[in-house]
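Notes follow once the structure below has been shown.
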Amino acid sequence: MKQKFLLKSIAYQAGLSLATVDRVVHKRGNAKQETVLRVQEAIRELEKQRQTAQQAGKAFILDVIMEAPGRFSKEVQKSFEKEMSGMRPASFRCRFHLNEIMTVSQILALLNKIRQRGSHGLILKVPDLPEINQAVQRIVAAGIPVVSFVTDIPQSNRLAYIGMNNYKSGQTAGYLMKKFLGNRSGQILLTLSRDVFQGEEERESGFKSVFSDTPNQITILRLSEGRGDDTATKELAFELLSREKNILAVYSAGGGNKAILESLGKTKQPCQFFIAHDLDRDNVRLLQQGKISLVIYHNLRQDARRACQLILRHHRLLPSDFTVSPSEIGIATPYNIPRL
């Protein structure tokens with residue numbers, strides 16, 4: 001057995017006498033198999049302790065790119081900042097690139113800059129477009145691990161997707177809304193921020209699947225491209241709702257809810273049930289005021305922690321078999337708003 005540590009350190013770790021450890025390490029005389037195993041386990045534990053001590057001084061710099069309304073991206077930034085301070089065995093620092101609206105060329109330029117400059121890891125909430133997937137593939141080929149966050153870019157060779165199962169969250173919204181509507185006939189307004197975010201498309205598909213057996217009773221009106229911005233969403237929503245008179249409920253998969261509510265009021269819709277996504281500042285306030293019925297959410301701090309852990313696994317600071325599961329789907333009402 002190769003000696004890696006002082007005999008007294010092994011003896012202390014194993015809870016054995018120095019003489020016993022000396023006999024096992026140098027194979028002097030017969031030793032019980034149980035004693036040999038205790039010495040071997042002590043050496044393995046000392047090795048892990050040494051690795052942890054070496055890793056503790058490592059600092060990782062991550063880049064976070066998000067195209068999202070400021071009210072949501074601020075929540076994500078807070079989540080990462082709160083989790084990074086407690087990450088082990090390494091320390092983290094993030095460079096945040098947060099924008100409400102980004103053109104494809106701006107995203108590509110930023111991705112190219114990060115690839116050339118280098119990064120310990122890249123976390124992305126960006127549109128699922130071929131050119132973006134290809135740019136991410138080049139980053140991965142350069143040795144930078146990439147994690148998609150909230151919405152996926154599955155053709156990019158990213159390390160993993162972190163977030164809730166968006167299809168199931170859409171089904172959850174559909175189930176709750178169907179129970180509320182009962183046998184009533186009318187229209188549901190379903191809103192997305194953009195057509196190019198895979199997560200929102202999956203929410204839409206899951207939601208519609210629940211109403212697939214009621215084509216003559218329920219009509220789903222689709223509103224998109226407001227980018228979650230109140231001004232743009234208000235214009236689009238008012239234009240659509242001015243032509244409609246029987247909106248019973250709203251499923252907002254993409255935000256801009258203050259604007260949607262204002263347009264519902266101006267067009268005097270009979271809407272009584274409103275499901276939103278994410279516990280950002282606006283949605284919490286609307287929920288407290290009773291203007292929206294419930295919010296489907298996932299724990300952003302938990303997601304931030306999981307993203308950092310996957311980066312650690314890539315850099316071999318966590319076991320290679322370390323995995324993460326989709327975020328749990330939470331439902332907040334005015335009576336159980338969590339503090340995340």
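Scheme for the structure tokens: letters A, B, ... for chains in order shown; per-chain residue numbers from 1; ligand numbers from 1 in order shown.
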
Name all residues at most 12 Å from Leu286 (chain A) (count only C-alpha atoms; drop same-chain ones fewer than 4 positions away) and give them as JSON, numbers by chain. {"A": [256, 257, 258, 259, 260, 261, 274, 275, 276, 277, 278, 279, 280, 281, 282, 290, 291, 292, 293, 294, 295, 332, 333, 334, 337]}

Keeping C-alpha atoms, export the residues of the selection given above as a PDB file, in the first residue's frame.
```
ATOM      1  CA  GLY A 256     -46.866  41.807 -19.069  1.00  0.00           C
ATOM      2  CA  ASN A 257     -49.775  41.142 -16.738  1.00  0.00           C
ATOM      3  CA  LYS A 258     -50.493  44.714 -15.644  1.00  0.00           C
ATOM      4  CA  ALA A 259     -51.003  45.612 -19.292  1.00  0.00           C
ATOM      5  CA  ILE A 260     -53.215  42.591 -19.931  1.00  0.00           C
ATOM      6  CA  LEU A 261     -55.398  43.430 -16.924  1.00  0.00           C
ATOM      7  CA  PHE A 274     -56.159  34.727 -14.292  1.00  0.00           C
ATOM      8  CA  ILE A 275     -53.142  32.407 -14.107  1.00  0.00           C
ATOM      9  CA  ALA A 276     -49.663  33.960 -14.322  1.00  0.00           C
ATOM     10  CA  HIS A 277     -46.070  32.684 -14.200  1.00  0.00           C
ATOM     11  CA  ASP A 278     -43.168  33.607 -11.887  1.00  0.00           C
ATOM     12  CA  LEU A 279     -43.096  35.388  -8.544  1.00  0.00           C
ATOM     13  CA  ASP A 280     -41.567  38.657  -9.667  1.00  0.00           C
ATOM     14  CA  ARG A 281     -42.389  41.924  -7.902  1.00  0.00           C
ATOM     15  CA  ASP A 282     -45.316  42.801 -10.187  1.00  0.00           C
ATOM     16  CA  GLY A 290     -56.514  39.891  -5.841  1.00  0.00           C
ATOM     17  CA  LYS A 291     -56.158  40.988  -9.463  1.00  0.00           C
ATOM     18  CA  ILE A 292     -54.710  37.643 -10.554  1.00  0.00           C
ATOM     19  CA  SER A 293     -55.904  34.302  -9.222  1.00  0.00           C
ATOM     20  CA  LEU A 294     -52.699  32.310  -8.844  1.00  0.00           C
ATOM     21  CA  VAL A 295     -49.073  32.159  -9.944  1.00  0.00           C
ATOM     22  CA  ALA A 332     -48.967  30.566  -5.115  1.00  0.00           C
ATOM     23  CA  THR A 333     -52.278  32.123  -4.112  1.00  0.00           C
ATOM     24  CA  PRO A 334     -52.873  35.289  -2.063  1.00  0.00           C
ATOM     25  CA  ILE A 337     -47.018  33.593  -1.206  1.00  0.00           C
TER      26      ILE A 337
END
```

In region 58-126 of chain A, what's alpha helix (DSSP H) per DSSP? Answer as a PyMOL selection string? chain A and resi 70-84+104-117

From the options A:Phe273, A:Asp195, A:Ser242, A:Met87, which residue's atoms come nearest to Met177 (chain A), counting only C-alpha atoms? A:Phe273

Counting only C-alpha atoms, which residues of region 201-306 of chain A fall within 10 Å of region 64-81 of chain A, and what is the closest atom pair for each with its distance in Å at one decimal, ordered by chain and rising number, as JSON lines?
```
{"residue": "A:Arg227", "atom": "CA", "partner": "A:Pro69", "partner_atom": "CA", "distance": 7.5}
{"residue": "A:Gly228", "atom": "CA", "partner": "A:Pro69", "partner_atom": "CA", "distance": 6.0}
{"residue": "A:Asp229", "atom": "CA", "partner": "A:Pro69", "partner_atom": "CA", "distance": 6.6}
{"residue": "A:Asp230", "atom": "CA", "partner": "A:Pro69", "partner_atom": "CA", "distance": 9.5}
{"residue": "A:Gly254", "atom": "CA", "partner": "A:Ala68", "partner_atom": "CA", "distance": 9.7}
{"residue": "A:Gly255", "atom": "CA", "partner": "A:Pro69", "partner_atom": "CA", "distance": 8.3}
{"residue": "A:Gly256", "atom": "CA", "partner": "A:Pro69", "partner_atom": "CA", "distance": 8.7}
{"residue": "A:Asp278", "atom": "CA", "partner": "A:Phe72", "partner_atom": "CA", "distance": 7.8}
{"residue": "A:Leu279", "atom": "CA", "partner": "A:Phe72", "partner_atom": "CA", "distance": 8.3}
{"residue": "A:Asp280", "atom": "CA", "partner": "A:Phe72", "partner_atom": "CA", "distance": 5.7}
{"residue": "A:Arg281", "atom": "CA", "partner": "A:Arg71", "partner_atom": "CA", "distance": 6.5}
{"residue": "A:Asp282", "atom": "CA", "partner": "A:Arg71", "partner_atom": "CA", "distance": 7.3}
{"residue": "A:Asn283", "atom": "CA", "partner": "A:Arg71", "partner_atom": "CA", "distance": 9.5}
{"residue": "A:Asn299", "atom": "CA", "partner": "A:Ser79", "partner_atom": "CA", "distance": 9.0}
{"residue": "A:Leu300", "atom": "CA", "partner": "A:Ser79", "partner_atom": "CA", "distance": 6.0}
{"residue": "A:Arg301", "atom": "CA", "partner": "A:Ser79", "partner_atom": "CA", "distance": 4.6}
{"residue": "A:Gln302", "atom": "CA", "partner": "A:Ser79", "partner_atom": "CA", "distance": 8.2}
{"residue": "A:Asp303", "atom": "CA", "partner": "A:Ser79", "partner_atom": "CA", "distance": 8.4}
{"residue": "A:Ala304", "atom": "CA", "partner": "A:Phe80", "partner_atom": "CA", "distance": 5.3}
{"residue": "A:Arg305", "atom": "CA", "partner": "A:Phe80", "partner_atom": "CA", "distance": 7.3}
```

Using the selection just defined, write its residues with C-alpha atoms as a CSV table (one decimal), in the first residue's frame.
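Everything below was put into result-v6.csv:
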```csv
chain,number,residue,atom,x,y,z
A,227,ARG,CA,-41.9,40.5,-25.1
A,228,GLY,CA,-43.3,40.8,-21.6
A,229,ASP,CA,-43.1,44.6,-22.0
A,230,ASP,CA,-46.1,46.5,-20.6
A,254,GLY,CA,-45.1,35.3,-20.8
A,255,GLY,CA,-45.7,38.2,-18.6
A,256,GLY,CA,-46.9,41.8,-19.1
A,278,ASP,CA,-43.2,33.6,-11.9
A,279,LEU,CA,-43.1,35.4,-8.5
A,280,ASP,CA,-41.6,38.7,-9.7
A,281,ARG,CA,-42.4,41.9,-7.9
A,282,ASP,CA,-45.3,42.8,-10.2
A,283,ASN,CA,-47.0,39.4,-9.9
A,299,ASN,CA,-37.7,28.2,-6.9
A,300,LEU,CA,-35.1,30.4,-8.7
A,301,ARG,CA,-32.6,30.1,-5.8
A,302,GLN,CA,-32.7,26.4,-6.1
A,303,ASP,CA,-32.2,26.6,-9.8
A,304,ALA,CA,-29.3,29.0,-9.4
A,305,ARG,CA,-27.7,26.5,-7.0
```

Which of region 71-319 of chain A end up as strand (DSSP E) when DSSP is run on this backbone - answer as a PyMOL selection string? chain A and resi 91-99+121-125+146-149+160-162+186-191+218-223+247-252+273-277+294-297

Of the residues A:Ser327, A:Gln187, A:Thr151, A:Gln289, which is the one nearest to Phe211 (chain A), using only C-alpha atoms?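 With only C-alpha atoms as the atom set, the closest residue is A:Gln187.
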
Fewer than 6 positions away in the same chain doesn't count, so skip those; otherwise give me all residues within 12 Å of Arg23 (chain A), counting only C-alpha atoms, as number ranges by chain. A: 1, 7, 11, 16-17, 29-32, 35-36, 39
